Structures are given as C-alpha cells and as structure tokens.
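Colleague: Please find one structure pasted underneath; my questions will follow.
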Amino acid sequence: MSATTEHLERAGHDSDGHDYVEHHPDSFYVKIALALALLTGLEVTLTYVDIGALFLPLLLTLMVIKFFMVVLFFMHLKFDSKWFSFLFYTGLGLAVGVYLAFLATFRFFMSS
Amino acid sequence: MSDLALQPTQASEDVHAAGHDDHGSHDDHGLVHATSTGLSNNKLGMWLFLGSECLLFGGLISTYMLYRGRHSANLGPDQIYDIPFTSVSSFVLLMSSLTMVLAVTSAQRRDERRMNLWLTITALLGATFVGGQVYEFTSFYHEGLGFTTSLFGSSFYTLTGFHGVHVTVGIIMLMALVGINKRGRIPGDRAEVVELVGLYWHFVDIIWILIFTLVYLIPS
C-alpha cells in the first residue's frame, strides 16, 4: 500500500480532520455503558421510593444525562464535526419547541 | 472564522492531488473523495435524517403524554405496566449500544472478525428487546388493552410499535451488513458504513431512553 493510499484511507474515517486522533479505547465505552446501566438502575429505584416533589425533576434529569451520554460519546457527536451537531440539535430543538407548544395548547401542564 | 465554517480538509486536498473527482465520499477501494463541504455526504445525510426523526418521535411521545390518562378504570398505565420486565428490556437495549460502538471501533481498526461478532451480538440483543416487546404487547392484549380500547391504548401501541419497527429495521440492517461484509461487497469506506448503521442504532436507543422514562416510569 502506498503512502498516499494510507493517508487517503486514514482520511476516509475522518469527516472533519480529527477523527482517529479523538477515538477512545474500548474500555472507555465500557465505562460509559456501566454508567448508563447505573443511571437506569437509579431511575428504576426512584419509582419505588417516595422522595416527594423531587421525583419528577430527578427522573427527567437522569433521562437527559443518559440521552446526552449516548449522543455525545457513543454517537461521537462530541468529537465530530459541528455541522453534524447543528443538524441533529436543530431537529431536536424544533421537536422539543413544537411539541411543548402543542402540549401547552392542550393545557397539558395545567392539568398535571 | 467560526467552527461551523466549511473548509476543505487536508484529505480533500490530497484527493485533488490524486486526481479524484469532487463528488461523493468514498469509492469502492475505500478512498475518500472530496465533497464541497469537506464532510462525508453520507454522514451528513444520516444526521439530517436523525434530526427529522426527532420530530416524528416527538409527535408520538407528545400524543401519548396527552392521552395517557384517557382509559378505563382498570386498564391504565399504573395497572398494566410491568416495570421490572421493561427495565430488563431497557438494559438489554442499552447494552446493544455498547456492542454497536465496539463494532464501529473494530471496523475502524479493520478487525473484521470482531466487527462481525459485535454486529451479530448487537442484532441478537435487539432481537431480544423486540421479543420482549412482543411478549409485553401480547400480555397487555390478554389483559384487555387492545389498539382501539382507549386513547391511552392507541397512543401507547402507536408509540412503542413505531419504536419496535425502528429496532426491527436496525436488526435487518445489522444482519445485512454482516452478510454483505462476509461476501466482501461493502462499497466504499467499510468503517463509515458500519458507523452509519451505528448512528441509526444509537438513535433508536436514545429514543427508548426517553420512552422508558416518560412512558413507563412517570406515573399517570
């Protein structure tokens, strides 16, 4: 394999000029998965204990943390091009905004 | 210049030097081709698709949230959900994200044997999750909750059913990837193809993270 080909193939994994450099060892992903499992266990435990008004905010916080752990580390959005983040977060932000407005229109937050 | 500014990468400059054209991302030999953005068009397309999928599932989740209280006295979320069972299913799907990311890293290291192994394990974990969902649906149906029993039932089956279909499509993609790879017919950059399927799979996982909390864990 020529030096040029090697360089091109390495670049082939690289969508924004810094892909290979940023990749982590497998143990990193195992640690992330363990953290996700622990957070899921904590979520389930919360449903069996009475913590009053803290229940909902805590559960939603754990959900958001898990969501972004997968997006940032497993989907590599933290290390990839900002354009990919822009496309995904635009869709996500639009969905959250539109459907919060939708639920507010139907007085969802007043009745719950 | 901001981070979002589009600049040709070193790779694209090298490709010009190598005499490749400006369109597409990779050829059949895995060599990168320059794009006008300097980014992989395939990945750009996948992220755009995933962004649009947020809107689809956002609508389904919102509809469920709105109608989860519209049910008969004994067939509501608090009566029929089996949290321990769904927790195990959620754990299985979460772990499939780990095996998927390990398949991607194996592909990037060009370790085909491990890549195929991790892809197969991911597909099996996904199949376990779908099997659990089929069991759950059957169990709910026998308890009396049909698709048209109540607005709660309709919105619940539509949301979780759509998610289940996405997981099933992901399993088909994973098994197809293993089969095509064994015949050596994956076009272009193999690692990128695996990464694209991985992005889809992780997306299905993050949607379940939302569904598990918003649908199952928060009482009606």
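We label chains A, B, ... in the order they appear in the structure tokens, count residues from 1 in each chain, and number ligands from 1 in the order shown.
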Write out as a PyMOL selection string the residues lying within 7 Å of Trp47 (chain B), counting only C-alpha atoms and excluding same-chain residues fewer than 3 positions away.
Modeller: (chain A and resi 84+87-88) or (chain B and resi 43-44+50-51)
Colleague: May I ask you to extract the residues of chain B within 7 Å of chain A, using only C-alpha atoms, and to give them as JSON, numbers by chain?
Modeller: {"B": [3, 4, 9, 11, 30, 31, 32, 39, 40, 44, 47, 48, 50, 51, 52, 54, 55, 58, 59, 62, 66, 91, 95, 98, 101, 102, 189, 191, 192, 199, 202, 206, 209, 210, 213, 217]}
Colleague: Mind dumping the selected residues with N, CA and C atoms as a short mmCIF file (atom, residue, chain, number, x, y, z; two decimals), in the first residue's frame?
Modeller:
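Output (result-v8.cif):
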data_model
loop_
_atom_site.label_atom_id
_atom_site.label_comp_id
_atom_site.auth_asym_id
_atom_site.auth_seq_id
_atom_site.Cartn_x
_atom_site.Cartn_y
_atom_site.Cartn_z
N ASP B 3 -16.36 27.70 14.10
CA ASP B 3 -16.18 26.25 13.93
C ASP B 3 -17.04 25.72 12.81
N LEU B 4 -18.15 26.42 12.54
CA LEU B 4 -19.09 25.92 11.54
C LEU B 4 -18.66 26.28 10.12
N THR B 9 -10.83 19.89 3.81
CA THR B 9 -9.90 19.25 4.72
C THR B 9 -8.62 18.90 3.97
N ALA B 11 -7.61 16.05 3.68
CA ALA B 11 -7.95 14.87 2.88
C ALA B 11 -8.43 15.26 1.50
N GLY B 30 -12.34 2.36 -0.94
CA GLY B 30 -12.27 2.98 0.38
C GLY B 30 -11.54 4.31 0.38
N LEU B 31 -11.22 4.83 -0.78
CA LEU B 31 -10.52 6.10 -0.82
C LEU B 31 -11.52 7.24 -0.72
N VAL B 32 -11.12 8.28 0.03
CA VAL B 32 -12.03 9.40 0.20
C VAL B 32 -12.04 10.27 -1.05
N LEU B 39 -17.00 17.38 4.22
CA LEU B 39 -17.55 16.37 5.13
C LEU B 39 -18.08 15.20 4.31
N SER B 40 -18.29 14.08 4.99
CA SER B 40 -18.89 12.93 4.31
C SER B 40 -20.37 13.21 4.06
N LEU B 44 -23.54 13.29 6.72
CA LEU B 44 -24.36 14.50 6.75
C LEU B 44 -25.83 14.12 6.55
N TRP B 47 -27.25 12.29 9.68
CA TRP B 47 -27.56 13.19 10.80
C TRP B 47 -28.81 14.02 10.51
N LEU B 48 -28.97 14.40 9.24
CA LEU B 48 -30.18 15.15 8.85
C LEU B 48 -31.41 14.27 9.03
N LEU B 50 -31.70 11.73 11.12
CA LEU B 50 -31.94 11.54 12.55
C LEU B 50 -32.58 12.78 13.17
N GLY B 51 -32.16 13.96 12.70
CA GLY B 51 -32.79 15.20 13.17
C GLY B 51 -34.27 15.22 12.84
N SER B 52 -34.61 14.74 11.63
CA SER B 52 -36.03 14.72 11.23
C SER B 52 -36.81 13.64 12.00
N CYS B 54 -36.40 13.01 15.06
CA CYS B 54 -36.75 13.61 16.36
C CYS B 54 -38.17 14.17 16.30
N LEU B 55 -38.51 14.75 15.17
CA LEU B 55 -39.85 15.34 15.01
C LEU B 55 -40.92 14.25 14.99
N GLY B 58 -41.08 12.90 18.54
CA GLY B 58 -41.60 13.96 19.39
C GLY B 58 -43.11 14.02 19.32
N GLY B 59 -43.65 13.90 18.10
CA GLY B 59 -45.11 13.90 17.92
C GLY B 59 -45.76 12.72 18.60
N SER B 62 -45.52 13.12 22.47
CA SER B 62 -46.45 14.17 22.94
C SER B 62 -47.89 13.67 22.92
N LEU B 66 -50.41 13.28 26.14
CA LEU B 66 -51.72 13.94 26.16
C LEU B 66 -52.84 12.94 26.47
N PHE B 91 -32.32 -2.35 29.73
CA PHE B 91 -30.92 -2.68 29.96
C PHE B 91 -30.32 -3.40 28.75
N MET B 95 -27.23 -2.04 26.45
CA MET B 95 -26.01 -2.81 26.23
C MET B 95 -25.75 -3.06 24.74
N LEU B 98 -23.59 -0.46 23.46
CA LEU B 98 -22.17 -0.71 23.74
C LEU B 98 -21.58 -1.64 22.68
N VAL B 101 -21.06 0.19 19.39
CA VAL B 101 -19.90 1.10 19.33
C VAL B 101 -18.61 0.28 19.26
N LEU B 102 -18.61 -0.91 19.86
CA LEU B 102 -17.43 -1.78 19.77
C LEU B 102 -17.28 -2.32 18.34
N ASP B 189 -16.00 3.12 1.99
CA ASP B 189 -15.31 3.01 3.26
C ASP B 189 -16.13 2.14 4.22
N ALA B 191 -15.65 1.19 7.31
CA ALA B 191 -15.83 1.72 8.67
C ALA B 191 -16.95 2.76 8.69
N GLU B 192 -17.03 3.54 7.64
CA GLU B 192 -18.08 4.57 7.62
C GLU B 192 -19.47 3.95 7.48
N LEU B 199 -25.01 4.83 13.96
CA LEU B 199 -25.71 6.07 14.31
C LEU B 199 -27.22 5.81 14.40
N HIS B 202 -27.91 3.75 17.61
CA HIS B 202 -27.83 4.56 18.84
C HIS B 202 -29.04 5.49 18.94
N ILE B 206 -31.51 6.03 22.06
CA ILE B 206 -31.83 7.27 22.80
C ILE B 206 -33.33 7.54 22.82
N ILE B 209 -34.58 5.58 25.63
CA ILE B 209 -34.26 6.22 26.92
C ILE B 209 -35.38 7.20 27.28
N LEU B 210 -35.85 7.94 26.29
CA LEU B 210 -36.95 8.90 26.53
C LEU B 210 -38.25 8.15 26.83
N THR B 213 -38.48 6.46 30.38
CA THR B 213 -38.74 7.39 31.49
C THR B 213 -40.12 8.02 31.37
N LEU B 217 -41.91 5.10 33.55
CA LEU B 217 -41.53 5.40 34.94
C LEU B 217 -42.34 6.53 35.58
#
Colleague: Using CA of Val194 (chain B) and CA of Val134 (chain B) as the two end points, give the distance in Å to one decimal.
Modeller: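 Straight-line distance from CA of Val194 (chain B) to CA of Val134 (chain B) works out to 27.6 Å.
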Colleague: Report the distance between CA of Thr105 (chain A) and CA of Ile211 (chain B) in Å, rounded to one decimal place.
Modeller: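 Interatomic distance, CA of Thr105 (chain A) to CA of Ile211 (chain B): 21.9 Å.
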Colleague: Rounded to one decimal place, report the CA of Tyr81 (chain B)-CA of Leu39 (chain A) distance in Å.
Modeller: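 Separation between CA of Tyr81 (chain B) and CA of Leu39 (chain A): 20.4 Å.
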Colleague: So that I can see what lies close to His71 (chain B), please list as a PyMOL selection string the residues with an atom at most 6 Å from it, counting only C-alpha atoms and leaving out residues fewer than 5 positions away in the same chain.
Modeller: chain B and resi 76+150+152
Colleague: Within 10 Å of Thr168 (chain B), counting only C-alpha atoms, which residues show up once you throw out same-chain ones fewer than 6 positions away? Write them as number ranges by chain, please.
Modeller: B: 123, 126-127, 129-130, 162, 174
Colleague: Which one of B:Phe57, B:Trp201, B:Tyr216, B:Tyr141 sits closest to Leu119 (chain B) if you count only C-alpha atoms?
Modeller: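 Using only C-alpha atoms, Leu119 (chain B) sits closest to B:Trp201.
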Colleague: Give me the residues within 12 Å of Ile180 (chain B) as a ChimeraX atom specification, counting only C-alpha atoms and dropping any in the same chain fewer than 5 places off.
Modeller: /B:116,172-175,185-187,190,193-194
